[in-house]
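The structure file protein05.cif is reproduced below (mmCIF, C-alpha atoms).
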```
data_target
#
loop_
_atom_site.label_atom_id
_atom_site.label_comp_id
_atom_site.auth_asym_id
_atom_site.auth_seq_id
_atom_site.Cartn_x
_atom_site.Cartn_y
_atom_site.Cartn_z
CA MET A 308 117.26 60.37 88.06
CA LYS A 309 120.42 59.78 90.11
CA LYS A 310 121.02 63.52 90.29
CA HIS A 311 117.42 64.04 91.44
CA LEU A 312 117.74 61.36 94.13
CA LYS A 313 121.00 62.88 95.32
CA THR A 314 119.34 66.30 95.62
CA LEU A 315 116.41 64.78 97.48
CA THR A 316 118.70 62.90 99.86
CA LEU A 317 120.83 65.94 100.60
CA SER A 318 117.79 68.09 101.25
CA LEU A 319 116.16 65.58 103.58
CA LEU A 320 119.43 65.08 105.40
CA SER A 321 119.62 68.83 105.98
CA LEU A 322 116.20 68.67 107.63
CA LEU A 323 117.28 65.80 109.87
CA LEU A 324 120.50 67.40 111.08
CA PRO A 325 120.45 68.55 114.71
CA THR A 326 119.49 72.20 115.19
CA PRO A 327 121.34 74.55 117.51
CA SER A 328 120.42 74.40 121.19
CA GLY A 329 117.03 76.01 121.77
CA ALA A 330 116.11 76.09 118.06
CA GLN A 331 113.12 74.28 116.59
CA ALA A 332 113.55 71.94 113.63
CA LEU A 333 111.07 71.14 110.89
CA PRO A 334 108.98 67.98 111.39
CA THR A 335 110.46 64.70 110.18
CA ASP A 336 107.52 62.36 110.81
CA GLY A 337 106.13 61.04 107.53
CA PRO A 338 106.45 62.44 104.00
CA LEU A 339 106.54 66.21 103.76
CA THR A 340 105.15 68.58 101.15
CA LEU A 341 108.46 70.47 100.91
CA ARG A 342 110.11 70.54 97.50
CA PRO A 343 113.81 69.72 98.08
CA MET A 344 115.01 71.96 95.26
CA LEU A 345 113.13 74.96 96.69
CA GLN A 346 114.12 74.19 100.26
CA GLN A 347 117.79 74.00 99.33
CA LEU A 348 117.60 77.26 97.39
CA GLY A 349 115.81 79.04 100.23
CA GLU A 350 118.37 77.87 102.76
CA ARG A 351 121.21 78.94 100.48
CA LEU A 352 119.80 82.44 99.94
CA LEU A 353 119.33 82.98 103.69
CA GLN A 354 122.90 82.13 104.67
CA GLY A 355 124.48 84.94 106.67
CA LYS A 356 121.11 86.55 107.31
CA THR A 357 118.27 86.38 109.82
CA GLY A 358 114.96 85.69 108.15
CA SER A 359 112.65 83.25 106.43
CA ILE A 360 111.26 82.21 103.07
CA VAL A 361 107.84 80.57 102.85
CA ALA A 362 106.27 79.18 99.68
CA ILE A 363 102.80 77.63 99.43
CA ASN A 364 100.86 75.94 96.65
CA PRO A 365 97.68 78.08 96.46
CA ALA A 366 95.64 75.20 95.07
CA ASN A 367 95.90 72.99 98.13
CA GLY A 368 97.75 74.80 100.95
CA GLU A 369 100.82 72.55 100.79
CA ILE A 370 103.97 74.25 102.09
CA LEU A 371 106.58 73.99 99.34
CA CYS A 372 109.40 75.77 101.15
CA LEU A 373 109.93 76.73 104.79
CA ALA A 374 113.50 77.95 104.95
CA THR A 375 114.81 79.89 107.93
CA HIS A 376 118.11 81.19 109.25
CA THR A 377 119.22 82.90 112.45
CA PRO A 378 122.64 83.74 113.91
CA THR A 379 122.67 80.25 115.45
CA GLY A 380 121.34 78.40 112.42
CA SER A 381 117.95 77.24 111.15
CA ASP A 382 114.93 77.71 113.41
CA VAL A 383 111.39 77.16 112.08
CA ARG A 384 110.02 79.58 114.67
CA GLN A 385 111.51 82.41 112.60
CA ALA A 386 108.72 81.76 110.07
CA ILE A 387 105.82 80.59 112.24
CA GLY A 388 106.49 81.79 115.77
CA ARG A 389 107.92 85.29 115.59
CA PRO A 390 105.30 87.88 114.55
CA GLN A 391 106.72 91.13 113.19
CA ALA A 392 105.41 94.24 111.47
CA PRO A 393 104.53 93.30 107.87
CA GLY A 394 105.17 96.78 106.51
CA SER A 395 103.79 97.69 103.11
CA THR A 396 102.98 94.09 102.17
CA PHE A 397 99.96 94.65 104.43
CA LYS A 398 98.65 97.37 102.12
CA THR A 399 97.15 94.62 99.96
CA ALA A 400 94.92 93.48 102.83
CA GLN A 401 94.05 97.10 103.59
CA ALA A 402 92.98 97.75 100.00
CA LEU A 403 90.79 94.63 99.98
CA THR A 404 89.08 95.68 103.22
CA LEU A 405 88.56 99.32 102.24
CA LEU A 406 87.11 98.33 98.86
CA SER A 407 84.80 95.74 100.42
CA GLU A 408 83.46 98.24 102.96
CA GLY A 409 82.93 100.92 100.32
CA ILE A 410 85.31 103.33 102.06
CA VAL A 411 87.23 103.75 98.79
CA THR A 412 86.76 103.02 95.12
CA THR A 413 89.39 102.27 92.51
CA ASP A 414 89.29 106.00 91.63
CA THR A 415 89.88 107.32 95.16
CA ARG A 416 92.92 109.62 95.08
CA VAL A 417 95.12 110.99 97.86
CA ASP A 418 97.70 113.75 97.53
CA CYS A 419 101.27 112.84 98.42
CA ASN A 420 104.30 115.10 98.13
CA LYS A 421 107.02 112.80 99.45
CA GLY A 422 104.56 112.17 102.26
CA PHE A 423 102.20 114.52 104.06
CA LEU A 424 102.04 116.73 107.12
CA ASP A 425 99.28 116.57 109.72
CA GLY A 426 99.84 119.00 112.56
CA ASN A 427 103.29 118.21 113.91
CA ILE A 428 103.31 114.70 112.42
CA ARG A 429 105.27 114.24 109.22
CA VAL A 430 104.77 110.95 107.35
CA GLY A 431 107.41 110.33 104.71
CA CYS A 432 107.03 108.63 101.34
CA HIS A 433 109.27 108.19 98.32
CA GLN A 434 108.96 110.37 95.23
CA HIS A 435 106.15 109.45 92.84
CA ARG A 436 103.37 111.10 90.87
CA SER A 437 100.52 112.61 92.87
CA PRO A 438 97.69 112.10 93.42
CA LEU A 439 97.42 108.36 92.82
CA ALA A 440 94.37 106.11 92.52
CA LEU A 441 94.24 102.71 94.22
CA LYS A 442 96.11 100.52 91.71
CA GLU A 443 99.00 102.95 91.36
CA ALA A 444 99.00 103.53 95.13
CA LEU A 445 99.69 99.81 95.49
CA ALA A 446 102.22 99.76 92.68
CA GLN A 447 104.12 102.74 94.11
CA SER A 448 103.46 101.78 97.75
CA CYS A 449 102.16 105.23 98.68
CA ASN A 450 102.15 105.63 102.47
CA SER A 451 99.91 108.69 102.36
CA TRP A 452 97.15 106.88 100.47
CA PHE A 453 96.91 104.02 102.95
CA LEU A 454 97.23 106.02 106.15
CA VAL A 455 94.60 108.56 105.12
CA THR A 456 92.08 106.02 103.84
CA PHE A 457 92.50 103.71 106.85
CA ALA A 458 91.99 106.61 109.26
CA SER A 459 88.89 107.65 107.30
CA MET A 460 87.36 104.20 107.84
CA ILE A 461 87.96 104.27 111.59
CA ASN A 462 86.59 107.82 111.90
CA ASP A 463 83.52 107.22 109.70
CA ASP A 464 80.64 107.93 112.10
CA PHE A 465 78.05 107.62 109.32
CA MET A 466 78.78 104.00 108.38
CA TYR A 467 79.71 102.83 111.89
CA GLU A 468 78.03 103.64 115.20
CA SER A 469 81.39 103.96 116.95
CA LYS A 470 85.14 103.65 116.46
CA ASP A 471 84.88 100.34 118.31
CA GLU A 472 82.55 98.98 115.64
CA ALA A 473 84.76 100.32 112.86
CA ILE A 474 87.99 98.77 114.16
CA ASN A 475 86.32 95.45 114.97
CA THR A 476 84.87 95.33 111.46
CA TRP A 477 88.35 95.98 110.06
CA ARG A 478 89.79 93.26 112.28
CA SER A 479 87.18 90.72 111.18
CA TYR A 480 88.24 91.14 107.55
CA MET A 481 91.89 90.58 108.45
CA GLN A 482 91.12 87.51 110.52
CA SER A 483 89.15 86.03 107.63
CA MET A 484 92.36 86.20 105.56
CA GLY A 485 94.20 84.08 108.16
CA LEU A 486 95.98 87.05 109.73
CA GLY A 487 96.75 87.95 113.33
CA GLY A 488 96.02 84.61 114.99
CA PRO A 489 97.27 81.02 114.76
CA MET A 490 95.95 79.16 111.74
CA HIS A 491 96.59 75.85 113.51
CA ILE A 492 99.06 74.46 111.00
CA ASP A 493 100.58 71.01 111.54
CA ILE A 494 103.84 72.29 113.05
CA GLU A 495 104.40 73.00 116.73
CA GLY A 496 105.34 76.47 117.90
CA GLU A 497 102.97 78.57 115.77
CA GLN A 498 102.16 82.02 117.17
CA GLY A 499 99.45 84.49 116.21
CA GLY A 500 100.43 88.15 116.13
CA LEU A 501 98.55 91.38 116.74
CA LEU A 502 95.53 92.89 115.04
CA ALA A 503 94.30 95.78 117.14
CA GLY A 504 90.65 95.46 118.14
CA ALA A 505 88.50 97.71 120.31
CA ASP A 506 89.28 95.94 123.60
CA TYR A 507 93.02 96.16 123.02
CA LEU A 508 92.93 99.80 121.93
CA ASN A 509 90.70 100.89 124.82
CA ARG A 510 93.17 99.31 127.24
CA ARG A 511 96.24 100.77 125.55
CA TYR A 512 94.93 104.28 124.91
CA ARG A 513 93.00 105.02 128.11
CA ASP A 514 92.74 108.70 127.25
CA GLY A 515 90.99 107.90 123.99
CA TRP A 516 91.97 107.06 120.44
CA ASP A 517 90.79 107.59 116.86
CA GLY A 518 91.86 106.82 113.33
CA LYS A 519 94.92 109.04 113.53
CA THR A 520 96.08 107.44 116.77
CA ILE A 521 96.45 104.09 115.04
CA TRP A 522 96.85 105.08 111.41
CA TRP A 523 100.32 103.50 111.24
CA ALA A 524 98.50 100.17 110.97
CA GLY A 525 97.36 101.41 107.57
CA MET A 526 100.89 100.86 106.28
CA GLY A 527 101.56 97.66 108.25
CA GLN A 528 103.31 99.13 111.28
CA GLY A 529 102.24 100.09 114.78
CA ASP A 530 99.42 97.96 116.18
CA VAL A 531 99.77 95.07 113.73
CA THR A 532 102.17 92.12 113.57
CA LEU A 533 102.07 88.95 111.46
CA THR A 534 104.27 85.91 110.98
CA PRO A 535 105.95 85.32 107.59
CA LEU A 536 103.69 82.27 107.26
CA GLN A 537 100.61 84.48 107.59
CA MET A 538 102.08 86.91 105.08
CA CYS A 539 102.47 84.08 102.59
CA ASN A 540 98.91 82.96 103.25
CA LEU A 541 97.75 86.51 102.51
CA ALA A 542 99.39 86.15 99.10
CA VAL A 543 97.57 82.81 98.70
CA THR A 544 94.16 84.39 99.38
CA ILE A 545 94.83 87.06 96.75
CA ALA A 546 96.15 84.52 94.25
CA ASN A 547 92.95 82.50 94.71
CA ARG A 548 90.76 85.63 94.66
CA GLY A 549 89.24 84.94 98.05
CA TRP A 550 89.91 81.48 99.46
CA PHE A 551 92.61 79.31 100.99
CA TYR A 552 93.38 76.02 102.68
CA VAL A 553 95.10 76.07 106.07
CA PRO A 554 98.81 75.63 105.24
CA HIS A 555 100.25 72.23 106.09
CA ILE A 556 103.55 70.41 105.72
CA HIS A 557 102.53 66.76 105.96
CA LYS A 558 101.70 65.14 102.65
CA ASN A 559 98.55 63.10 102.01
CA THR A 560 96.82 64.45 105.10
CA THR A 561 93.34 63.17 105.91
CA ASN A 562 92.69 65.83 108.55
CA ALA A 563 89.60 67.81 107.55
CA ARG A 564 91.19 70.98 108.92
CA TYR A 565 93.61 71.00 105.98
CA LEU A 566 91.12 69.81 103.37
CA THR A 567 88.40 72.40 104.00
CA ARG A 568 88.37 75.44 101.71
CA ARG A 569 88.03 78.67 103.69
CA GLN A 570 86.49 81.80 102.24
CA THR A 571 87.59 85.30 103.19
CA LYS A 572 85.12 88.03 104.07
CA VAL A 573 86.39 90.20 101.19
CA LYS A 574 83.95 90.93 98.37
CA ALA A 575 84.79 89.07 95.17
CA GLU A 576 84.96 92.25 93.07
CA ALA A 577 87.68 93.72 95.32
CA TYR A 578 90.33 91.25 94.18
CA ALA A 579 90.73 92.28 90.55
CA PRO A 580 92.02 95.83 91.21
CA VAL A 581 94.36 94.60 93.96
CA VAL A 582 95.78 91.89 91.70
CA GLU A 583 96.22 94.47 88.96
CA GLY A 584 97.94 96.83 91.41
CA MET A 585 100.36 94.05 92.40
CA ARG A 586 101.02 93.37 88.73
CA LEU A 587 101.72 97.07 88.13
CA ALA A 588 104.20 96.98 91.01
CA VAL A 589 106.24 94.48 89.00
CA GLU A 590 105.78 96.24 85.66
CA HIS A 591 106.79 99.74 86.73
CA GLY A 592 106.47 100.09 90.51
CA THR A 593 108.51 99.04 93.51
CA ALA A 594 109.01 95.41 92.42
CA THR A 595 110.53 95.78 88.94
CA ALA A 596 113.31 93.39 89.97
CA LEU A 597 110.74 90.65 89.28
CA ARG A 598 110.19 91.24 85.56
CA THR A 599 110.03 87.79 83.99
CA SER A 600 108.67 85.96 80.96
CA TYR A 601 105.65 84.93 83.06
CA PRO A 602 103.39 87.45 84.85
CA VAL A 603 104.29 87.86 88.53
CA CYS A 604 102.19 89.85 91.02
CA GLY A 605 103.92 91.23 94.09
CA LYS A 606 104.08 93.76 96.90
CA THR A 607 107.26 94.94 98.56
CA GLY A 608 107.65 96.00 102.17
CA THR A 609 110.30 98.05 103.97
CA ILE A 610 109.83 97.94 107.73
CA GLU A 611 111.18 100.75 109.90
CA ASN A 612 112.75 99.71 113.19
CA PRO A 613 115.81 100.49 115.30
CA GLY A 614 118.79 99.91 113.03
CA PRO A 615 118.59 99.11 109.31
CA ASP A 616 115.12 98.47 107.88
CA HIS A 617 113.73 94.97 107.44
CA SER A 618 113.15 93.76 103.87
CA ALA A 619 109.87 92.00 102.99
CA PHE A 620 107.90 90.78 100.00
CA ILE A 621 104.76 88.80 99.20
CA GLY A 622 103.66 87.65 95.76
CA PHE A 623 102.45 84.90 93.48
CA ALA A 624 102.81 83.61 89.92
CA PRO A 625 101.56 83.24 87.30
CA MET A 626 98.96 85.99 87.54
CA ALA A 627 95.98 84.17 86.00
CA GLU A 628 96.66 80.59 87.11
CA PRO A 629 98.79 80.86 90.28
CA LYS A 630 100.96 77.87 91.12
CA ILE A 631 103.11 79.34 93.87
CA ALA A 632 102.79 82.06 96.52
CA VAL A 633 105.88 83.33 98.33
CA SER A 634 106.79 85.51 101.29
CA VAL A 635 110.31 86.65 102.16
CA TYR A 636 111.30 88.45 105.34
CA VAL A 637 114.93 89.43 106.03
CA GLU A 638 115.75 91.35 109.17
CA HIS A 639 117.84 94.48 108.53
CA GLY A 640 117.85 93.62 104.83
CA GLY A 641 116.98 97.15 103.71
CA PHE A 642 114.45 97.98 101.00
CA GLY A 643 112.03 95.19 100.12
CA ALA A 644 112.70 95.90 96.45
CA ASP A 645 116.44 95.38 96.84
CA LEU A 646 116.61 92.02 98.62
CA ALA A 647 113.33 90.31 99.53
CA ALA A 648 111.78 90.74 96.06
CA PRO A 649 114.75 89.30 94.12
CA MET A 650 114.92 86.37 96.53
CA ALA A 651 111.23 85.62 95.98
CA GLY A 652 111.74 85.87 92.22
CA LEU A 653 114.42 83.18 92.35
CA LEU A 654 112.10 80.84 94.28
CA MET A 655 109.32 81.38 91.74
CA GLU A 656 111.61 80.78 88.79
CA CYS A 657 113.05 77.64 90.33
CA TYR A 658 109.58 76.22 90.89
CA LEU A 659 107.95 77.25 87.62
CA LYS A 660 110.93 76.57 85.34
CA GLY A 661 112.48 73.65 87.21
CA LYS A 662 115.86 75.38 87.47
CA LEU A 663 117.53 78.78 87.52
CA SER A 664 118.86 80.39 84.36
CA PRO A 665 122.62 81.14 84.32
CA GLN A 666 121.85 84.80 84.98
CA SER A 667 119.59 83.92 87.92
CA GLU A 668 122.16 81.51 89.31
CA THR A 669 124.68 84.35 89.32
CA ARG A 670 122.18 86.49 91.23
CA ALA A 671 121.54 83.65 93.68
CA LYS A 672 125.27 83.30 94.40
CA ARG A 673 125.58 87.04 94.96
CA ILE A 674 122.63 87.08 97.39
CA ALA A 675 123.86 83.96 99.20
CA ALA A 676 127.25 85.61 99.72
CA MET A 677 125.71 88.67 101.41
CA LYS A 678 126.19 88.85 105.18
CA ILE A 679 123.68 90.96 107.14
CA LYS A 680 124.07 91.46 110.86
#
```
Kindly transcribe the structure held in the file into structure tokens.
Amino acid sequence: MKKHLKTLTLSLLSLLLPTPSGAQALPTDGPLTLRPMLQQLGERLLQGKTGSIVAINPANGEILCLATHTPTGSDVRQAIGRPQAPGSTFKTAQALTLLSEGIVTTDTRVDCNKGFLDGNIRVGCHQHRSPLALKEALAQSCNSWFLVTFASMINDDFMYESKDEAINTWRSYMQSMGLGGPMHIDIEGEQGGLLAGADYLNRRYRDGWDGKTIWWAGMGQGDVTLTPLQMCNLAVTIANRGWFYVPHIHKNTTNARYLTRRQTKVKAEAYAPVVEGMRLAVEHGTATALRTSYPVCGKTGTIENPGPDHSAFIGFAPMAEPKIAVSVYVEHGGFGADLAAPMAGLLMECYLKGKLSPQSETRAKRIAAMKIK
């Protein structure tokens, strides 16, 4: 008990310490939903890096961890107020939307030979079997599959009267998952992000646009940005197979906003194949660093940008009865499989097991010692 109280005290003290000039601290008014052990671990793993770790209890929307780090120290805006491209983590939301609209089935296959060529545009992808159906496309994070199928939805003039209707339909699904706009959490400084709709695209591409103009959004780049908080909430909606509570950090809230269950627009039958695809990613896909004694479901993301790639991950565990959903985003951290996924795995283990195994503690020390500029 004394050890537990000491840990609690140290963690709360860390939240109360002054933040660097211009940074935004976590709230300190009233009891918080944060779990000190997770918060400490998240802060430790992020040392020497720029990024964030968010963990949420899917059952009630309570934020269990909201760890951030920047070159000048902790700043909560890194998680809630700085939208960035979600990369391949966004392919989960794409799959849910495409399945719900009937654009694809679980058997839809797309050829991919380390990417594909369309005119003078070359889209790269890593080596994997081809063609892949939906579950394996998620597991292997096939860029070709998601770009081609997304473009086919936007260009479908049989199902939709216009590209405007198609893109606005797509956007409505994403918004229903808590993506692209503020969710109105109980922390100041939350920002929305970007989900391209018809008005935006017609202003940006005055000479016209179609599915190929914006197909990069199919793989979570281009005209789409989310906050790490929204990315974690996406994992929550998948863990719950279609519903979520608005994330909140104040315990014992009586505000109806945080006590009202919200349903996504996604069809119920779309969740099973996406969950299975995320499980396959851990079993033999891009997230094998997360193999554990309990079933984890996850999706890695590697975000192209000037300089080294950003590393991202979303996931939840256990598969059947989820108790924690996690997102990790590390700027210039490289492949999502190499850094973000292992970091998320440590958070999940700490929460589900109550501590890290000796082997995991060694991994945590190694990650904490990494310095990424």
Residues proximal to (100.0, 91.7, 99.5) were defined as those with any atom within 12 Å of that point in the file's coordinates, counting all atoms listed in the file. Which are they, as a PDB file with C-alpha atoms, in the coordinates of the input?
```pdb
ATOM      1  CA  PRO A 393     104.530  93.300 107.870  1.00  0.00           C
ATOM      2  CA  GLY A 394     105.170  96.780 106.510  1.00  0.00           C
ATOM      3  CA  SER A 395     103.790  97.690 103.110  1.00  0.00           C
ATOM      4  CA  THR A 396     102.980  94.090 102.170  1.00  0.00           C
ATOM      5  CA  PHE A 397      99.960  94.650 104.430  1.00  0.00           C
ATOM      6  CA  LYS A 398      98.650  97.370 102.120  1.00  0.00           C
ATOM      7  CA  THR A 399      97.150  94.620  99.960  1.00  0.00           C
ATOM      8  CA  ALA A 400      94.920  93.480 102.830  1.00  0.00           C
ATOM      9  CA  GLN A 401      94.050  97.100 103.590  1.00  0.00           C
ATOM     10  CA  ALA A 402      92.980  97.750 100.000  1.00  0.00           C
ATOM     11  CA  LEU A 403      90.790  94.630  99.980  1.00  0.00           C
ATOM     12  CA  LEU A 445      99.690  99.810  95.490  1.00  0.00           C
ATOM     13  CA  ALA A 446     102.220  99.760  92.680  1.00  0.00           C
ATOM     14  CA  SER A 448     103.460 101.780  97.750  1.00  0.00           C
ATOM     15  CA  MET A 484      92.360  86.200 105.560  1.00  0.00           C
ATOM     16  CA  LEU A 486      95.980  87.050 109.730  1.00  0.00           C
ATOM     17  CA  MET A 526     100.890 100.860 106.280  1.00  0.00           C
ATOM     18  CA  GLY A 527     101.560  97.660 108.250  1.00  0.00           C
ATOM     19  CA  PRO A 535     105.950  85.320 107.590  1.00  0.00           C
ATOM     20  CA  GLN A 537     100.610  84.480 107.590  1.00  0.00           C
ATOM     21  CA  MET A 538     102.080  86.910 105.080  1.00  0.00           C
ATOM     22  CA  CYS A 539     102.470  84.080 102.590  1.00  0.00           C
ATOM     23  CA  ASN A 540      98.910  82.960 103.250  1.00  0.00           C
ATOM     24  CA  LEU A 541      97.750  86.510 102.510  1.00  0.00           C
ATOM     25  CA  ALA A 542      99.390  86.150  99.100  1.00  0.00           C
ATOM     26  CA  VAL A 543      97.570  82.810  98.700  1.00  0.00           C
ATOM     27  CA  THR A 544      94.160  84.390  99.380  1.00  0.00           C
ATOM     28  CA  ILE A 545      94.830  87.060  96.750  1.00  0.00           C
ATOM     29  CA  ALA A 546      96.150  84.520  94.250  1.00  0.00           C
ATOM     30  CA  TYR A 578      90.330  91.250  94.180  1.00  0.00           C
ATOM     31  CA  VAL A 581      94.360  94.600  93.960  1.00  0.00           C
ATOM     32  CA  VAL A 582      95.780  91.890  91.700  1.00  0.00           C
ATOM     33  CA  GLU A 583      96.220  94.470  88.960  1.00  0.00           C
ATOM     34  CA  GLY A 584      97.940  96.830  91.410  1.00  0.00           C
ATOM     35  CA  MET A 585     100.360  94.050  92.400  1.00  0.00           C
ATOM     36  CA  ARG A 586     101.020  93.370  88.730  1.00  0.00           C
ATOM     37  CA  ALA A 588     104.200  96.980  91.010  1.00  0.00           C
ATOM     38  CA  CYS A 604     102.190  89.850  91.020  1.00  0.00           C
ATOM     39  CA  GLY A 605     103.920  91.230  94.090  1.00  0.00           C
ATOM     40  CA  LYS A 606     104.080  93.760  96.900  1.00  0.00           C
ATOM     41  CA  THR A 607     107.260  94.940  98.560  1.00  0.00           C
ATOM     42  CA  GLY A 608     107.650  96.000 102.170  1.00  0.00           C
ATOM     43  CA  ALA A 619     109.870  92.000 102.990  1.00  0.00           C
ATOM     44  CA  PHE A 620     107.900  90.780 100.000  1.00  0.00           C
ATOM     45  CA  ILE A 621     104.760  88.800  99.200  1.00  0.00           C
ATOM     46  CA  GLY A 622     103.660  87.650  95.760  1.00  0.00           C
ATOM     47  CA  PHE A 623     102.450  84.900  93.480  1.00  0.00           C
ATOM     48  CA  ALA A 632     102.790  82.060  96.520  1.00  0.00           C
ATOM     49  CA  VAL A 633     105.880  83.330  98.330  1.00  0.00           C
ATOM     50  CA  SER A 634     106.790  85.510 101.290  1.00  0.00           C
ATOM     51  CA  VAL A 635     110.310  86.650 102.160  1.00  0.00           C
TER      52      VAL A 635
END
```
Exercise for review: Give me the residues within 7 Å of Cys657 in chain A as number ranges by chain, counting all atoms listed in the file and dropping any in the same chain fewer than 5 places off.
Suggested key: A: 345, 662-663
Quick one: which range 409-498 of chain A residues come within 12 Å of range 510-516 of chain A, and what is the nearest atom pair for each with the distance in Å to one decimal, counting only C-alpha atoms, rows ordered by chain and ascending number, as JSON lines?
```
{"residue": "A:Ala458", "atom": "CA", "partner": "A:Trp516", "partner_atom": "CA", "distance": 11.2}
{"residue": "A:Ile461", "atom": "CA", "partner": "A:Trp516", "partner_atom": "CA", "distance": 10.1}
{"residue": "A:Asn462", "atom": "CA", "partner": "A:Trp516", "partner_atom": "CA", "distance": 10.1}
{"residue": "A:Ser469", "atom": "CA", "partner": "A:Trp516", "partner_atom": "CA", "distance": 11.6}
{"residue": "A:Lys470", "atom": "CA", "partner": "A:Trp516", "partner_atom": "CA", "distance": 8.6}
{"residue": "A:Asp471", "atom": "CA", "partner": "A:Trp516", "partner_atom": "CA", "distance": 10.0}
{"residue": "A:Ile474", "atom": "CA", "partner": "A:Trp516", "partner_atom": "CA", "distance": 11.1}
```
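Across the structure, CA of Leu405 in chain A and CA of Cys432 in chain A are spaced 20.7 Å apart.
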Practice item. Identify the residues within 7 Å of coordinate (97.0, 74.4, 107.8) (same frame as the file), considering only C-alpha atoms, and give the answer as number ranges by chain. Key: A: 368, 490-493, 552-555, 564-565
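Selection result for the displayed file, with the PyMOL selection byres ((chain A and resi 420) around 10) as criterion, is Asp418, Cys419, Lys421, Gly422, Phe423, Leu424, Gly431, Cys432, His433, Gln434, His435, Arg436, Ser437, Pro438 and Ser451 of chain A.
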Please report, as lines of an AutoDock Vina configuration file, the centre and edge lengths in Å to one decimal of an axis-aligned box covering all listed atoms of range 459-475 of chain A with 8 Å per side.
```
center_x = 83.5
center_y = 101.7
center_z = 112.8
size_x = 26.9
size_y = 28.5
size_z = 27.0
```
Review point. Within 7 Å of Arg569 in chain A, counting all atoms listed in the file, which residues qualify if same-chain residues fewer than 2 places away don't, as a PyMOL selection string?
Key: chain A and resi 550-552+567+571
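The gap separating CA of Leu333 in chain A from CA of Ile679 in chain A is 23.8 Å, in Å to one decimal.
One distance worth recording is that between CA of Met626 in chain A and CA of Phe453 in chain A, which is 23.8 Å.
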Exercise for review: Evaluate the PyMOL selection byres ((chain A and resi 409) around 12) on the structure here and hand back the selected residues as a PyMOL selection string.
Suggested key: chain A and resi 402-408+410-415+456-457+459-460+463+466+573-574+576-577
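Close contacts of Leu533 in chain A, defined as residues with an atom at most 6 Å away when counting all atoms listed in the file, with chain neighbours fewer than 2 positions off set aside, comprise Pro390, Gln391, Gly487 and Gly500 of chain A.
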C-alpha atoms of the current selection, written as a PDB file, keeping the file's coordinate frame:
```pdb
ATOM      1  CA  PRO A 390     105.300  87.880 114.550  1.00  0.00           C
ATOM      2  CA  GLN A 391     106.720  91.130 113.190  1.00  0.00           C
ATOM      3  CA  GLY A 487      96.750  87.950 113.330  1.00  0.00           C
ATOM      4  CA  GLY A 500     100.430  88.150 116.130  1.00  0.00           C
TER       5      GLY A 500
END
```
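Proximity to Val361 in chain A was assessed for A:Thr375, A:Gln347, A:Asn612, A:Ser664 counting all atoms listed in the file; the smallest distance is recorded for A:Thr375.
You can rank A:Trp452, A:Pro489, A:His557, A:Ala524 by their closest distance to Gly504 in chain A using only C-alpha atoms, and at the top of that list sits A:Ala524.
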Point to revise | Among the residues A:Arg478, A:His639, A:Lys572, A:Arg548, the one that comes closest to Pro613 in chain A [using all atoms listed in the file] | key: A:His639
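Considering all atoms listed in the file, the residue among A:Gly355, A:Pro629, A:Pro580, A:Gly485 positioned nearest to Asn367 in chain A is A:Pro629.
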Point to revise | Exercise: Leu341 in chain A partners within 10 Å, only C-alpha atoms, chain neighbours under 5 positions left out, as number ranges by chain | key: A: 318-319, 346, 362-363, 369-374, 555-558
Report as a PDB file with C-alpha atoms, keeping the file's coordinate frame the residues that result from applying the PyMOL selection byres ((chain A and resi 387) around 9) to the structure here.
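Output (expr-v6.pdb):
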```
ATOM      1  CA  VAL A 383     111.390  77.160 112.080  1.00  0.00           C
ATOM      2  CA  ARG A 384     110.020  79.580 114.670  1.00  0.00           C
ATOM      3  CA  GLN A 385     111.510  82.410 112.600  1.00  0.00           C
ATOM      4  CA  ALA A 386     108.720  81.760 110.070  1.00  0.00           C
ATOM      5  CA  GLY A 388     106.490  81.790 115.770  1.00  0.00           C
ATOM      6  CA  ARG A 389     107.920  85.290 115.590  1.00  0.00           C
ATOM      7  CA  PRO A 390     105.300  87.880 114.550  1.00  0.00           C
ATOM      8  CA  PRO A 489      97.270  81.020 114.760  1.00  0.00           C
ATOM      9  CA  ILE A 494     103.840  72.290 113.050  1.00  0.00           C
ATOM     10  CA  GLU A 495     104.400  73.000 116.730  1.00  0.00           C
ATOM     11  CA  GLY A 496     105.340  76.470 117.900  1.00  0.00           C
ATOM     12  CA  GLU A 497     102.970  78.570 115.770  1.00  0.00           C
ATOM     13  CA  GLN A 498     102.160  82.020 117.170  1.00  0.00           C
ATOM     14  CA  GLY A 499      99.450  84.490 116.210  1.00  0.00           C
ATOM     15  CA  THR A 534     104.270  85.910 110.980  1.00  0.00           C
ATOM     16  CA  PRO A 535     105.950  85.320 107.590  1.00  0.00           C
ATOM     17  CA  LEU A 536     103.690  82.270 107.260  1.00  0.00           C
ATOM     18  CA  GLN A 537     100.610  84.480 107.590  1.00  0.00           C
TER      19      GLN A 537
END
```
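Distance check against Leu597 in chain A using all atoms listed in the file: of A:Ala575, A:Gln570, A:Asn559, A:Ala644, the minimum falls on A:Ala644.
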